[in-house]
Amino acid sequence: MLRAIYEWCTDSGFTPYLAVKVDAGTTVPMEFVKKGEIVLNISFGATSGLKMDNDCIRFHARFGGVSREIYVPVDNVMAIYANENGQGMAFEPQLGSFAPGANPTDSPASASAPVGPAPSTAAPAPMLASVPSSQGEARPAPAGGDDEPPKKGGRPTLTRIK
């Protein structure tokens, strides 16, 4: 499902973003992690060597001008969405793919993720999340129907897709 949404974003000219729950099994630049989460631009221009396997997503990306290797277990993906219009899918992170003996972070979830339909019984369950407002407060993701066109201007939000 992640690959399909990634391809839809790139084919449509949108920038795919990945919201990730960070734990001991995730390799990301920790100085950019906020409340145990990170949002990553996974577009072709922002990554090098992107590989989306069934169990992980790995690539190289520049942070502050320094190339870093990124490793994200698929179970830690909270959402994948188009930055321009917020359309995508959210998942309940299935923490537990971390190294034996390690503990995941215990911070509360505050992802910018939508309500997404469950693609199958084997897929992670969808979740309702908040989208941070420009004042830094969390506000509920819009519950508008799929018939409404995306709003123009302002900060992008994620919307439900079928």
# chains A, B, ... in the order shown; residues from 1 in each chain; ligands from 1

call {"tool": "residues_around", "arguments": {"residues": "A:Asn83", "least_positions_apart": "3", "cutoff": "7 Å", "atoms": "only C-alpha atoms", "output": "ChimeraX atom specification"}}
result
/A:14-17,86,156

call {"tool": "atom_distance", "arguments": {"atom1": "atom CA of A:Asn85", "atom2": "atom CA of A:Asn54"}}
result
26.4 Å

call {"tool": "residues_around", "arguments": {"residues": "A:Met30", "least_positions_apart": "6", "cutoff": "12 Å", "atoms": "only C-alpha atoms", "output": "NGL selection string"}}
result
:A and (21-24 or 36-39 or 63 or 68 or 70)

call {"tool": "select_by_dssp", "arguments": {"residues": "stretch 24-78 of chain A", "states": "strand (DSSP E)", "output": "list in words"}}
result
Glu37, Ile38, Val39, Leu40, Asn41, Thr47, Ser48, Gly49, Leu50, Lys51, Met52, Cys56, Ile57, Arg58, Phe59, His60, Ala61, Arg62, Phe63, Val66, Ser67, Arg68, Glu69, Ile70, Tyr71, Val72, Pro73, Val77 and Met78 of chain A

call {"tool": "residues_around", "arguments": {"residues": "A:Lys51", "least_positions_apart": "5", "cutoff": "10 Å", "atoms": "only C-alpha atoms", "output": "ChimeraX atom specification"}}
result
/A:3,56-60,71

call {"tool": "write_last_selection", "arguments": {"atoms": "N, CA and C atoms", "output": "PDB file, in the first residue's frame"}}
result
ATOM      1  N   ARG A   3       3.876   1.642  -1.291  1.00  0.00           N
ATOM      2  CA  ARG A   3       4.427   1.843  -2.638  1.00  0.00           C
ATOM      3  C   ARG A   3       3.375   2.420  -3.580  1.00  0.00           C
ATOM      4  N   CYS A  56      10.726  -2.831   5.347  1.00  0.00           N
ATOM      5  CA  CYS A  56      11.371  -1.569   5.702  1.00  0.00           C
ATOM      6  C   CYS A  56      11.447  -0.629   4.503  1.00  0.00           C
ATOM      7  N   ILE A  57      11.718   0.630   4.828  1.00  0.00           N
ATOM      8  CA  ILE A  57      11.974   1.662   3.832  1.00  0.00           C
ATOM      9  C   ILE A  57      13.353   2.202   4.167  1.00  0.00           C
ATOM     10  N   ARG A  58      14.229   2.247   3.165  1.00  0.00           N
ATOM     11  CA  ARG A  58      15.579   2.755   3.401  1.00  0.00           C
ATOM     12  C   ARG A  58      16.003   3.649   2.259  1.00  0.00           C
ATOM     13  N   PHE A  59      16.764   4.675   2.594  1.00  0.00           N
ATOM     14  CA  PHE A  59      17.271   5.611   1.602  1.00  0.00           C
ATOM     15  C   PHE A  59      18.312   6.514   2.255  1.00  0.00           C
ATOM     16  N   HIS A  60      18.948   7.328   1.441  1.00  0.00           N
ATOM     17  CA  HIS A  60      19.854   8.363   1.928  1.00  0.00           C
ATOM     18  C   HIS A  60      19.201   9.709   1.664  1.00  0.00           C
ATOM     19  N   TYR A  71      16.585   4.474   7.855  1.00  0.00           N
ATOM     20  CA  TYR A  71      15.997   3.133   7.886  1.00  0.00           C
ATOM     21  C   TYR A  71      14.722   3.206   8.724  1.00  0.00           C
TER      22      TYR A  71
END

call {"tool": "closest_residue", "arguments": {"among": "A:Leu50, A:Ala82, A:Leu40, A:Met89", "to": "A:Asp11", "atoms": "only C-alpha atoms"}}
result
A:Ala82
